[in-house]
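query_9.txt follows (compact mmCIF, C-alpha atoms):
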```txt
# COMPACT_ATOMS: atom_id res chain seq x y z
CA MET A 1 -48.06 -13.24 -20.23
CA ILE A 2 -45.69 -12.59 -17.35
CA GLU A 3 -43.67 -15.47 -15.93
CA ARG A 4 -41.17 -15.68 -13.07
CA ILE A 5 -38.21 -17.97 -13.76
CA LYS A 6 -35.44 -19.24 -11.52
CA CYS A 7 -31.87 -18.52 -12.59
CA LYS A 8 -30.32 -21.61 -14.20
CA ALA A 9 -27.02 -21.14 -12.36
CA ASN A 10 -26.93 -24.04 -9.90
CA ASP A 11 -25.36 -21.87 -7.22
CA CYS A 12 -27.90 -19.04 -7.49
CA GLU A 13 -31.39 -18.88 -5.96
CA GLU A 14 -32.48 -15.64 -7.63
CA THR A 15 -35.55 -15.41 -9.86
CA PHE A 16 -36.43 -12.95 -12.60
CA VAL A 17 -39.51 -11.88 -14.54
CA VAL A 18 -39.88 -12.45 -18.30
CA PHE A 19 -42.56 -11.35 -20.73
CA ASP A 20 -43.81 -13.03 -23.88
CA ASP A 21 -41.84 -10.66 -26.06
CA SER A 22 -38.71 -10.69 -23.87
CA PRO A 23 -35.46 -11.99 -25.40
CA GLU A 24 -34.73 -15.53 -24.29
CA ARG A 25 -32.52 -15.68 -21.20
CA ASP A 26 -31.46 -18.33 -18.71
CA TYR A 27 -29.74 -16.31 -16.02
CA CYS A 28 -30.77 -13.55 -13.65
CA SER A 29 -27.74 -11.42 -14.44
CA ASP A 30 -24.71 -11.11 -16.70
CA ARG A 31 -22.61 -12.04 -13.70
CA CYS A 32 -24.26 -15.45 -13.39
CA ARG A 33 -24.16 -15.99 -17.14
CA PHE A 34 -20.47 -15.20 -17.36
CA ARG A 35 -19.61 -17.36 -14.34
CA ILE A 36 -21.40 -20.42 -15.63
CA ASN A 37 -20.11 -20.02 -19.19
CA LYS A 38 -16.57 -19.69 -17.85
CA ARG A 39 -17.04 -22.76 -15.67
CA ASN A 40 -18.38 -24.80 -18.60
CA GLU A 41 -15.56 -23.61 -20.85
CA SER A 42 -12.95 -24.59 -18.26
CA ALA A 43 -14.47 -28.04 -17.85
CA LEU A 44 -14.49 -28.54 -21.63
CA LEU A 45 -10.86 -27.45 -21.97
CA SER A 46 -9.81 -29.80 -19.18
CA SER A 47 -11.63 -32.71 -20.81
CA GLN A 48 -9.76 -31.96 -24.04
CA GLY A 49 -6.39 -31.83 -22.29
CA LYS A 50 -5.97 -28.10 -22.83
CA CYS A 51 -4.74 -25.30 -20.57
CA ARG A 52 -7.57 -23.25 -19.08
CA LYS A 53 -5.71 -19.97 -19.58
CA CYS A 54 -4.03 -20.06 -22.99
CA LYS A 55 -6.28 -22.86 -24.34
CA ASN A 56 -3.30 -24.61 -25.92
CA GLU A 57 -2.32 -28.24 -25.37
CA ASN A 58 -1.52 -28.81 -21.71
CA ASP A 59 1.93 -30.34 -21.24
CA ARG A 60 1.22 -31.00 -17.55
CA GLU A 61 -1.05 -34.03 -17.39
CA GLY A 62 -3.82 -33.76 -14.83
CA LYS A 63 -3.02 -30.10 -14.11
CA THR A 64 -5.18 -27.04 -14.72
CA TYR A 65 -2.52 -24.93 -16.47
CA CYS A 66 0.33 -25.63 -18.86
CA SER A 67 3.94 -25.05 -17.74
CA THR A 68 4.08 -21.62 -19.46
CA CYS A 69 0.93 -20.32 -17.77
CA GLN A 70 1.94 -21.89 -14.46
CA GLU A 71 5.23 -19.97 -14.63
CA TYR A 72 3.27 -16.79 -15.39
CA PHE A 73 1.13 -17.23 -12.29
CA ARG A 74 4.22 -18.09 -10.20
CA LYS A 75 5.93 -14.83 -11.25
CA ARG A 76 2.81 -12.82 -10.43
CA TYR A 77 2.71 -14.44 -7.00
CA LEU A 78 6.38 -13.68 -6.33
CA GLU A 79 5.96 -10.05 -7.45
CA SER A 80 2.99 -9.65 -5.12
CA LYS A 81 4.96 -11.26 -2.29
CA SER A 82 7.91 -8.94 -2.96
CA GLN A 83 5.70 -5.85 -2.83
CA LYS A 84 4.24 -7.01 0.47
CA ALA A 85 7.74 -7.61 1.85
CA ASP A 86 8.78 -4.09 0.79
CA SER A 87 5.82 -2.64 2.64
CA GLU A 88 6.61 -4.65 5.77
CA GLN A 89 10.27 -3.61 5.56
CA ILE A 90 9.29 0.04 5.58
CA GLN A 91 6.98 -0.39 8.55
CA SER A 92 9.52 -2.45 10.51
CA ILE A 93 12.05 0.39 10.63
CA THR A 94 9.77 2.54 12.77
CA ASP A 95 8.46 2.01 16.25
CA PRO A 96 4.67 1.54 16.45
CA PRO A 97 2.67 3.28 15.26
CA SER A 98 4.51 2.98 11.96
CA ILE A 99 4.06 5.53 9.18
CA PRO A 100 3.19 4.07 5.71
CA ILE A 101 5.61 5.20 3.05
CA SER A 102 2.73 6.42 0.91
CA THR A 103 1.97 9.03 3.60
CA SER A 104 2.60 12.56 2.37
CA ILE A 105 5.23 14.69 4.05
CA SER A 106 2.57 16.86 5.66
CA ASN A 107 1.04 13.76 7.26
CA ILE A 108 4.47 12.57 8.41
CA GLN A 109 5.00 15.89 10.13
CA LEU A 110 1.53 15.72 11.65
CA GLN A 111 2.04 12.21 13.00
CA THR A 112 5.49 12.89 14.39
CA SER A 113 4.28 16.07 16.05
CA LYS A 114 1.43 14.12 17.67
CA SER A 115 3.97 11.72 19.15
CA SER A 116 5.76 14.66 20.79
CA LYS A 117 4.75 16.17 24.11
CA GLY A 118 2.89 19.42 24.13
CA SER A 119 0.91 21.16 21.42
CA GLY A 120 1.85 21.72 17.81
CA LYS A 121 4.39 24.37 18.70
CA SER A 122 7.70 24.61 16.86
CA ILE A 123 10.87 23.48 18.61
CA GLY A 124 11.86 27.14 18.98
CA GLN A 125 8.63 27.96 20.82
CA LYS A 126 8.97 24.90 23.05
CA ILE A 127 12.47 25.64 24.28
CA ARG A 128 12.30 29.43 24.38
CA HIS A 129 11.42 29.74 28.06
CA ILE A 130 12.65 26.38 29.37
CA LYS A 131 14.95 26.87 32.36
CA ASN A 132 15.25 23.31 33.62
CA LYS A 133 18.20 21.53 32.02
CA ASN A 134 16.62 18.07 32.03
CA SER A 135 13.38 19.33 30.49
CA LEU A 136 15.31 21.11 27.75
CA HIS A 137 17.38 18.03 26.98
CA ASN A 138 14.27 15.84 26.84
CA ILE A 139 12.51 18.16 24.38
CA VAL A 140 15.58 18.46 22.15
CA ASN A 141 16.16 14.70 22.25
CA GLU A 142 12.56 14.05 21.24
CA TRP A 143 12.85 16.60 18.41
CA TYR A 144 16.01 14.87 17.18
CA LYS A 145 14.38 11.43 17.29
CA ASP A 146 11.44 12.71 15.20
CA TRP A 147 13.92 14.11 12.69
CA GLU A 148 15.85 10.85 12.49
CA LYS A 149 12.65 8.79 12.18
CA SER A 150 11.31 10.87 9.29
CA ASN A 151 14.66 10.61 7.49
CA ARG A 152 14.85 6.81 7.89
CA ILE A 153 11.34 6.34 6.52
CA THR A 154 11.94 8.58 3.52
CA LEU A 155 15.40 7.15 2.75
CA THR A 156 14.00 3.61 2.80
CA SER A 157 11.28 4.72 0.40
CA LEU A 158 13.94 6.28 -1.83
CA ASP A 159 16.09 3.13 -1.84
CA ILE A 160 13.17 0.90 -2.79
CA ALA A 161 12.00 3.30 -5.51
CA ILE A 162 15.50 3.43 -7.03
CA THR A 163 15.78 -0.38 -6.96
CA LYS A 164 12.45 -0.69 -8.76
CA LYS A 165 13.27 2.22 -11.10
CA ASP A 166 10.05 3.94 -10.09
CA TRP A 167 11.21 7.45 -10.95
CA GLU A 168 7.97 9.12 -9.90
CA LYS A 169 8.40 7.77 -6.37
CA VAL A 170 12.10 8.68 -6.47
CA LYS A 171 11.13 12.27 -7.22
CA ARG A 172 8.46 12.31 -4.50
CA ALA A 173 10.77 10.83 -1.86
CA SER A 174 13.52 13.32 -2.77
CA GLU A 175 11.09 16.22 -2.35
CA GLN A 176 9.96 14.83 1.02
CA LEU A 177 13.56 14.50 2.15
CA ARG A 178 14.33 18.08 1.15
CA THR A 179 11.25 19.43 2.94
CA ILE A 180 11.97 17.49 6.14
CA ASN A 181 15.58 18.62 6.40
CA GLN A 182 15.01 22.20 5.32
CA LYS A 183 12.67 22.83 8.26
CA LYS A 184 14.91 21.04 10.72
CA PHE A 185 18.02 22.89 9.57
CA GLU A 186 16.20 26.21 9.90
CA ALA A 187 15.39 25.35 13.50
CA LEU A 188 18.84 23.96 14.34
CA PRO A 189 20.54 27.30 15.21
CA ASN A 190 17.81 28.06 17.79
CA VAL A 191 18.20 24.60 19.31
CA LEU A 192 21.98 24.91 19.56
CA ALA A 193 21.72 28.42 21.00
CA ALA A 194 19.27 27.24 23.68
CA LEU A 195 21.51 24.34 24.64
CA LEU A 196 24.58 26.57 24.78
CA LYS A 197 22.77 29.18 26.90
CA ASN A 198 21.49 26.51 29.27
CA THR A 199 24.98 25.03 29.64
CA THR A 200 26.53 28.47 30.27
CA ASP A 201 23.84 29.47 32.77
CA GLY A 202 24.15 26.12 34.52
```
Can you present the structure in this file as C-alpha cells?
Amino acid sequence: MIERIKCKANDCEETFVVFDDSPERDYCSDRCRFRINKRNESALLSSQGKCRKCKNENDREGKTYCSTCQEYFRKRYLESKSQKADSEQIQSITDPPSIPISTSISNIQLQTSKSSKGSGKSIGQKIRHIKNKNSLHNIVNEWYKDWEKSNRITLTSLDIAITKKDWEKVKRASEQLRTINQKKFEALPNVLAALLKNTTDG
C-alpha cells in the first residue's frame, strides 16, 4: 500500500510517500529531522539547566549558554567585526570606485587604466606626440595618481597581512608591489624626458 504522509515538523508543510515495506520515518527530509531533533535537544538542555553548546551545567541562570561558551561566541563576533573593519579600512583609502585588496595585480592595472583618459595605451605612447603643455601635464599627473593609488592599496594590504601574520598574503602583496613599481620605473625615464623636452621647447 502507498500512503502520503505530512512531515511531522510543525514548521514544514511538505508531504512524502511511504510504502508498506519502507523504513519508518517522520520527516520529509534529513534537514527537517535534524532541525527538530536539535530544537528538542536544546529545549531539554535548557530545562535541565545546561548549556546548549557544551552541554555542561550552565552557570548563567536563565541564559542559553554558559559563561565559557558565551565568551567563545563573543570572541568570534569580535574577530568577524575586526575582519570587516579591515576590509572597510582598505576601501576607505581609495576614491570610489574602490579596489578590493583581494583583486589581483592584473585587475588593479586594468581598473586604474580604465579610470584614465584614452585607450589602454602605455604612458610612453600617450605622451609621445603631445605638444600642448597643459595636456602633457594632465596625462602625467593622472599617471602619477594611478601609481600612488596602487601603491597605497597594496601597502595597506601588506601592513594588515603582517599584523595578522598571514605570510601567504604578505608574499602576494610584496609581489604585487614589485610588479607595480617595476613597470612604473621602466616608464619613468620616458615621462621625465617628455616633460624636459616640453619645458625646453616652451
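Taking all atoms listed in the file into account, A:Ser122 lies nearest to A:Val191 out of the set A:Lys53, A:Val191, A:Tyr77, A:Phe34.
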_Rounded to one decimal, what separation in Å do you get between atom CA of A:Phe73 and atom CA of A:Asp166?_
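Atom CA of A:Asp166 lies at a distance of 23.1 Å from atom CA of A:Phe73.
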_Proximity to A:Thr156 - best of A:Thr179, A:Ser47, A:Asn141, A:Ser174, all atoms listed in the file_ =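 Selected residue with least distance to A:Thr156: A:Ser174.
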*In Å to one decimal, how far is atom CA of A:Ile130 from atom CA of A:Ser150?*
25.4 Å
*State, in Å with one decimal place, the distance from atom CA of A:Cys32 to atom CA of A:Val17.*
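These atoms are spaced 15.7 Å apart.
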*Which of these, A:Cys66, A:Val140, A:Cys28, A:Ala9, has the shortest distance to A:Ala193 once you count only C-alpha atoms?*
A:Val140
*Could you check which of A:Lys183, A:Arg178, A:Lys169, A:Arg33 is closest to A:Cys12, using only C-alpha atoms?*
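Result for the nearest residue to A:Cys12: A:Arg33.
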*For A:Glu57, which of A:Tyr27, A:Cys69, A:Ile36, A:Glu14 is the closest residue, counting only C-alpha atoms?*
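Between A:Tyr27, A:Cys69, A:Ile36, A:Glu14, the residue approaching A:Glu57 most closely is A:Cys69.
Neighbouring residues of A:Ser46 at 12 Å or closer, counting only C-alpha atoms and skipping chain neighbours under 4 positions away, are A:Arg39, A:Asn40, A:Glu41, A:Ser42, A:Lys50, A:Cys51, A:Arg52, A:Lys53, A:Cys54, A:Lys55, A:Asn56, A:Glu57, A:Asn58, A:Asp59, A:Arg60, A:Glu61, A:Gly62, A:Lys63, A:Thr64, A:Tyr65, A:Cys66.
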_For A:Ala173: contacts at 9 Å, only C-alpha atoms, fewer than 4 positions along chain excluded, given as a PyMOL selection string_ = chain A and resi 105+154-155+157-158+161+168-169+177-178
*Using only C-alpha atoms: which of A:Ala85, A:Ile160, A:Val170, A:Ile123 has the shortest distance to A:Ala187*: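 Result for the nearest residue to A:Ala187: A:Ile123.
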